[in-house]
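Structure data (PDB, C-alpha atoms) from model18.pdb:
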```pdb
MODEL        1
ATOM      1  CA  MET Q  11      -4.948  25.150 -16.547  1.00  0.00           C
ATOM      2  CA  LYS Q  12      -3.068  22.975 -14.049  1.00  0.00           C
ATOM      3  CA  PRO Q  13      -5.117  21.179 -11.417  1.00  0.00           C
ATOM      4  CA  LYS Q  14      -4.966  22.652  -7.901  1.00  0.00           C
ATOM      5  CA  THR Q  15      -6.505  19.573  -6.257  1.00  0.00           C
ATOM      6  CA  GLY Q  16      -4.904  16.146  -6.167  1.00  0.00           C
ATOM      7  CA  ILE Q  17      -6.773  12.961  -5.395  1.00  0.00           C
ATOM      8  CA  ILE Q  18      -4.910   9.936  -4.077  1.00  0.00           C
ATOM      9  CA  LEU Q  19      -6.433   6.479  -4.362  1.00  0.00           C
ATOM     10  CA  MET Q  20      -4.731   4.699  -1.482  1.00  0.00           C
ATOM     11  CA  ASN Q  21      -4.482   0.955  -1.304  1.00  0.00           C
ATOM     12  CA  ILE Q  22      -2.903  -1.297   1.273  1.00  0.00           C
ATOM     13  CA  GLY Q  23       0.121  -2.440  -0.726  1.00  0.00           C
ATOM     14  CA  THR Q  24       1.623  -5.348  -2.568  1.00  0.00           C
ATOM     15  CA  PRO Q  25       4.990  -7.049  -2.992  1.00  0.00           C
ATOM     16  CA  LYS Q  26       7.246  -5.900  -5.863  1.00  0.00           C
ATOM     17  CA  SER Q  27       7.174  -9.419  -7.253  1.00  0.00           C
ATOM     18  CA  PRO Q  28       5.866 -12.845  -6.273  1.00  0.00           C
ATOM     19  CA  ALA Q  29       9.390 -13.919  -5.265  1.00  0.00           C
ATOM     20  CA  PRO Q  30       9.706 -15.044  -1.620  1.00  0.00           C
ATOM     21  CA  GLU Q  31      12.230 -12.279  -0.840  1.00  0.00           C
ATOM     22  CA  ASP Q  32       9.891  -9.530  -2.086  1.00  0.00           C
ATOM     23  CA  VAL Q  33       6.887 -11.095  -0.386  1.00  0.00           C
ATOM     24  CA  GLY Q  34       8.926 -11.285   2.829  1.00  0.00           C
ATOM     25  CA  ASN Q  35       9.934  -7.615   2.548  1.00  0.00           C
ATOM     26  CA  TYR Q  36       6.310  -6.611   2.083  1.00  0.00           C
ATOM     27  CA  LEU Q  37       5.163  -8.763   5.008  1.00  0.00           C
ATOM     28  CA  ASN Q  38       7.860  -7.243   7.229  1.00  0.00           C
ATOM     29  CA  ILE Q  39       6.659  -3.707   6.520  1.00  0.00           C
ATOM     30  CA  PHE Q  40       2.990  -4.626   6.839  1.00  0.00           C
ATOM     31  CA  LEU Q  41       3.233  -6.731   9.982  1.00  0.00           C
ATOM     32  CA  MET Q  42       5.560  -4.338  11.815  1.00  0.00           C
ATOM     33  CA  ASP Q  43       2.810  -1.704  11.867  1.00  0.00           C
ATOM     34  CA  LYS Q  44       1.621  -1.471  15.470  1.00  0.00           C
ATOM     35  CA  ASP Q  45      -1.954  -1.142  14.204  1.00  0.00           C
ATOM     36  CA  VAL Q  46      -1.656  -4.533  12.477  1.00  0.00           C
ATOM     37  CA  ILE Q  47      -0.014  -6.391  15.364  1.00  0.00           C
ATOM     38  CA  ASN Q  48      -0.638  -4.463  18.548  1.00  0.00           C
ATOM     39  CA  LEU Q  49       2.249  -5.665  20.690  1.00  0.00           C
ATOM     40  CA  PRO Q  50       5.279  -3.896  22.138  1.00  0.00           C
ATOM     41  CA  PHE Q  51       7.930  -3.259  19.472  1.00  0.00           C
ATOM     42  CA  LEU Q  52      10.471  -5.868  20.629  1.00  0.00           C
ATOM     43  CA  LEU Q  53       7.872  -8.638  20.925  1.00  0.00           C
ATOM     44  CA  ARG Q  54       6.365  -7.654  17.551  1.00  0.00           C
ATOM     45  CA  TRP Q  55       9.835  -7.622  15.952  1.00  0.00           C
ATOM     46  CA  ILE Q  56      10.635 -11.125  17.246  1.00  0.00           C
ATOM     47  CA  LEU Q  57       7.250 -12.455  16.199  1.00  0.00           C
ATOM     48  CA  VAL Q  58       7.401 -10.936  12.698  1.00  0.00           C
ATOM     49  CA  HIS Q  59      11.082 -11.354  11.799  1.00  0.00           C
ATOM     50  CA  LEU Q  60      11.832 -14.660  13.467  1.00  0.00           C
ATOM     51  CA  LEU Q  61       8.563 -16.564  13.352  1.00  0.00           C
ATOM     52  CA  ILE Q  62       5.908 -15.306  10.930  1.00  0.00           C
ATOM     53  CA  VAL Q  63       7.793 -14.005   7.882  1.00  0.00           C
ATOM     54  CA  PRO Q  64      10.370 -16.799   7.579  1.00  0.00           C
ATOM     55  CA  ARG Q  65       7.544 -19.354   7.684  1.00  0.00           C
ATOM     56  CA  ARG Q  66       4.988 -17.485   5.562  1.00  0.00           C
ATOM     57  CA  LYS Q  67       6.984 -15.830   2.783  1.00  0.00           C
ATOM     58  CA  HIS Q  68       7.373 -18.987   0.689  1.00  0.00           C
ATOM     59  CA  ALA Q  69       3.757 -20.123   1.041  1.00  0.00           C
ATOM     60  CA  SER Q  70       2.473 -16.603   0.395  1.00  0.00           C
ATOM     61  CA  ALA Q  71       4.804 -16.236  -2.613  1.00  0.00           C
ATOM     62  CA  LYS Q  72       3.258 -19.365  -4.166  1.00  0.00           C
ATOM     63  CA  LYS Q  73      -0.197 -17.822  -3.762  1.00  0.00           C
ATOM     64  CA  TYR Q  74       0.955 -14.522  -5.295  1.00  0.00           C
ATOM     65  CA  GLN Q  75       2.477 -16.441  -8.221  1.00  0.00           C
ATOM     66  CA  LYS Q  76      -0.946 -17.912  -8.987  1.00  0.00           C
ATOM     67  CA  ILE Q  77      -2.620 -14.509  -9.338  1.00  0.00           C
ATOM     68  CA  TRP Q  78       0.295 -12.403 -10.650  1.00  0.00           C
ATOM     69  CA  LEU Q  79      -0.358 -10.696 -13.974  1.00  0.00           C
ATOM     70  CA  GLU Q  80       2.108 -10.184 -16.804  1.00  0.00           C
ATOM     71  CA  GLN Q  81       2.093  -6.441 -15.971  1.00  0.00           C
ATOM     72  CA  GLY Q  82       2.630  -7.041 -12.240  1.00  0.00           C
ATOM     73  CA  SER Q  83       0.606  -7.321  -9.076  1.00  0.00           C
ATOM     74  CA  PRO Q  84      -3.155  -7.311  -9.729  1.00  0.00           C
ATOM     75  CA  LEU Q  85      -3.702  -4.772  -6.965  1.00  0.00           C
ATOM     76  CA  PHE Q  86      -1.106  -2.413  -8.449  1.00  0.00           C
ATOM     77  CA  VAL Q  87      -2.189  -2.932 -12.064  1.00  0.00           C
ATOM     78  CA  TYR Q  88      -5.909  -2.447 -11.426  1.00  0.00           C
ATOM     79  CA  THR Q  89      -5.418   0.544  -9.128  1.00  0.00           C
ATOM     80  CA  ASP Q  90      -3.158   2.148 -11.735  1.00  0.00           C
ATOM     81  CA  GLN Q  91      -5.775   1.507 -14.449  1.00  0.00           C
ATOM     82  CA  LEU Q  92      -8.445   3.122 -12.286  1.00  0.00           C
ATOM     83  CA  VAL Q  93      -6.243   6.186 -11.680  1.00  0.00           C
ATOM     84  CA  ARG Q  94      -5.603   6.565 -15.420  1.00  0.00           C
ATOM     85  CA  LYS Q  95      -9.304   6.239 -16.249  1.00  0.00           C
ATOM     86  CA  LEU Q  96     -10.291   8.782 -13.603  1.00  0.00           C
ATOM     87  CA  GLN Q  97      -7.624  11.192 -14.871  1.00  0.00           C
ATOM     88  CA  THR Q  98      -9.219  10.973 -18.323  1.00  0.00           C
ATOM     89  CA  LEU Q  99     -12.756  11.406 -16.977  1.00  0.00           C
ATOM     90  CA  GLN Q 100     -11.959  14.129 -14.419  1.00  0.00           C
ATOM     91  CA  PRO Q 101      -8.936  16.083 -15.716  1.00  0.00           C
ATOM     92  CA  GLN Q 102      -9.627  19.057 -13.427  1.00  0.00           C
ATOM     93  CA  TYR Q 103      -7.935  16.967 -10.698  1.00  0.00           C
ATOM     94  CA  LEU Q 104      -4.517  15.371 -10.588  1.00  0.00           C
ATOM     95  CA  TRP Q 105      -5.116  11.695  -9.823  1.00  0.00           C
ATOM     96  CA  ALA Q 106      -2.489   9.427  -8.284  1.00  0.00           C
ATOM     97  CA  MET Q 107      -2.071   6.119  -6.534  1.00  0.00           C
ATOM     98  CA  ALA Q 108      -0.368   5.458  -3.214  1.00  0.00           C
ATOM     99  CA  MET Q 109       0.126   2.379  -1.092  1.00  0.00           C
ATOM    100  CA  ARG Q 110       0.238   2.188   2.687  1.00  0.00           C
ATOM    101  CA  TYR Q 111       2.816  -0.602   2.901  1.00  0.00           C
ATOM    102  CA  SER Q 112       4.632  -0.562  -0.462  1.00  0.00           C
ATOM    103  CA  THR Q 113       5.587   1.667  -3.359  1.00  0.00           C
ATOM    104  CA  PRO Q 114       4.467   4.174  -4.325  1.00  0.00           C
ATOM    105  CA  PHE Q 115       4.364   5.189  -0.656  1.00  0.00           C
ATOM    106  CA  VAL Q 116       1.972   7.945   0.414  1.00  0.00           C
ATOM    107  CA  GLU Q 117       4.875  10.230   1.334  1.00  0.00           C
ATOM    108  CA  ASP Q 118       6.349   9.919  -2.170  1.00  0.00           C
ATOM    109  CA  THR Q 119       3.013  10.678  -3.821  1.00  0.00           C
ATOM    110  CA  LEU Q 120       2.539  13.722  -1.595  1.00  0.00           C
ATOM    111  CA  GLN Q 121       6.025  14.985  -2.500  1.00  0.00           C
ATOM    112  CA  GLU Q 122       5.133  14.629  -6.171  1.00  0.00           C
ATOM    113  CA  PHE Q 123       1.957  16.627  -5.576  1.00  0.00           C
ATOM    114  CA  VAL Q 124       4.032  19.400  -3.987  1.00  0.00           C
ATOM    115  CA  LYS Q 125       6.288  19.459  -7.077  1.00  0.00           C
ATOM    116  CA  GLN Q 126       3.170  19.700  -9.262  1.00  0.00           C
ATOM    117  CA  GLY Q 127       1.832  22.687  -7.286  1.00  0.00           C
ATOM    118  CA  ILE Q 128      -1.131  20.867  -5.777  1.00  0.00           C
ATOM    119  CA  GLU Q 129      -2.762  22.969  -3.047  1.00  0.00           C
ATOM    120  CA  GLU Q 130      -5.430  20.564  -1.788  1.00  0.00           C
ATOM    121  CA  VAL Q 131      -5.259  16.780  -1.363  1.00  0.00           C
ATOM    122  CA  ILE Q 132      -8.161  14.376  -1.120  1.00  0.00           C
ATOM    123  CA  LEU Q 133      -7.306  10.893   0.097  1.00  0.00           C
ATOM    124  CA  VAL Q 134      -9.611   8.061  -0.963  1.00  0.00           C
ATOM    125  CA  PRO Q 135      -8.916   4.830   0.969  1.00  0.00           C
ATOM    126  CA  MET Q 136      -9.492   1.743  -1.157  1.00  0.00           C
ATOM    127  CA  TYR Q 137      -9.326  -0.832   1.646  1.00  0.00           C
ATOM    128  CA  PRO Q 138     -11.105  -1.491   4.958  1.00  0.00           C
ATOM    129  CA  GLN Q 139     -10.232   1.017   7.604  1.00  0.00           C
ATOM    130  CA  TYR Q 140      -8.806   0.415  11.036  1.00  0.00           C
ATOM    131  CA  ALA Q 141     -11.324   0.353  13.841  1.00  0.00           C
ATOM    132  CA  ALA Q 142     -10.872  -0.366  17.526  1.00  0.00           C
ATOM    133  CA  ARG Q 143     -12.853  -0.155  20.714  1.00  0.00           C
ATOM    134  CA  SER Q 144     -11.764   2.627  23.013  1.00  0.00           C
ATOM    135  CA  GLU Q 145     -11.092   1.812  26.648  1.00  0.00           C
ATOM    136  CA  GLU Q 146     -11.952   5.381  27.686  1.00  0.00           C
TER
ENDMDL
END
```
Encoded form (structure tokens):
Amino acid sequence: MKPKTGIILMNIGTPKSPAPEDVGNYLNIFLMDKDVINLPFLLRWILVHLLIVPRRKHASAKKYQKIWLEQGSPLFVYTDQLVRKLQTLQPQYLWAMAMRYSTPFVEDTLQEFVKQGIEEVILVPMYPQYAARSEE
């Protein structure tokens, strides 16, 4: 019997590799989110693309190189291992991983669930959630 419910373990994301170019691409996606840097788009774009990423991608890449595993990013590898273990322990669900700011993107995982005939999706965030004070 095919599962009707899919469960997505969602993490924040990780670069494809510890190379400065991949770290820079990841930082661009992450930092351009208005919930990460809450500034008007043009100011955020200038800050991210002209100041932060060009200066941080090399230093951050060196830090990623120190923790990178043979199989890839620790965040990706360990999240994938958890998904596989949960699939074995709870086969009545279809388990998957998604990342907010890198591959596999949430949208791609949801499209795969549609192809698999999943009717209900449960999203399990694996990172601290956004919180803000309301002015209202």
Query - Who sits within 9 Å of Arg66 in chain Q, all atoms listed in the file, same chain under 2 positions skipped, as a list in words - result: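 Listed by chain and then number, they are Pro30, Val33, Gly34, Leu37, Leu61, Ile62, Val63, Pro64, His68, Ala69, Ser70 and Ala71 of chain Q.
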Query raised in the report: What is the CA of Asp90 in chain Q-CA of Gln126 in chain Q distance in Å, reported with one decimal?
Result: 18.8 Å
Query - Close residues, range 38-40 of chain Q itself excluded, 9 Å, all atoms listed in the file, min 4 positions apart in chain, as a list in words - result: Ile22, Gly23, Val33, Gly34, Val46, Trp55, Val58, His59, Val63, Arg110, Tyr111 and Ser112 of chain Q
Convert the current residue selection to file output with C-alpha atoms, as a short mmCIF file (atom, residue, chain, number, x, y, z; two decimals), keeping the file's coordinate frame.
```
data_model
loop_
_atom_site.label_atom_id
_atom_site.label_comp_id
_atom_site.auth_asym_id
_atom_site.auth_seq_id
_atom_site.Cartn_x
_atom_site.Cartn_y
_atom_site.Cartn_z
CA ILE Q 22 -2.90 -1.30 1.27
CA GLY Q 23 0.12 -2.44 -0.73
CA VAL Q 33 6.89 -11.10 -0.39
CA GLY Q 34 8.93 -11.28 2.83
CA VAL Q 46 -1.66 -4.53 12.48
CA TRP Q 55 9.84 -7.62 15.95
CA VAL Q 58 7.40 -10.94 12.70
CA HIS Q 59 11.08 -11.35 11.80
CA VAL Q 63 7.79 -14.00 7.88
CA ARG Q 110 0.24 2.19 2.69
CA TYR Q 111 2.82 -0.60 2.90
CA SER Q 112 4.63 -0.56 -0.46
#
```
Report task. May I have the residues within 12 Å of Pro84 in chain Q as a list of chain:residue names, using only C-alpha atoms and disregarding those fewer than 3 positions away in the same chain? Result ->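 The contact residues come out as Q:Asn21, Q:Gly23, Q:Thr24, Q:Pro25, Q:Lys26, Q:Ser27, Q:Pro28, Q:Tyr74, Q:Gln75, Q:Lys76, Q:Ile77, Q:Trp78, Q:Leu79, Q:Glu80, Q:Gln81, Q:Val87, Q:Tyr88, Q:Thr89, Q:Asp90, Q:Gln91, Q:Leu92.
Here CA of Leu96 in chain Q stands at a distance of 15.2 Å from CA of Pro135 in chain Q.
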Query raised in the report: By how many Å are CA of Pro114 in chain Q and CA of Leu41 in chain Q apart?
Result: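 For CA of Pro114 in chain Q relative to CA of Leu41 in chain Q, the distance reads 18.0 Å.
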With 5 Å of padding per side, what axis-aligned box (centre and edge lengths, Å, one decimal) covers all the listed atoms of range 79-84 of chain Q? Give it as AutoDock Vina command-line options.
```
--center_x -0.3 --center_y -8.6 --center_z -12.9 --size_x 15.8 --size_y 14.3 --size_z 17.7
```
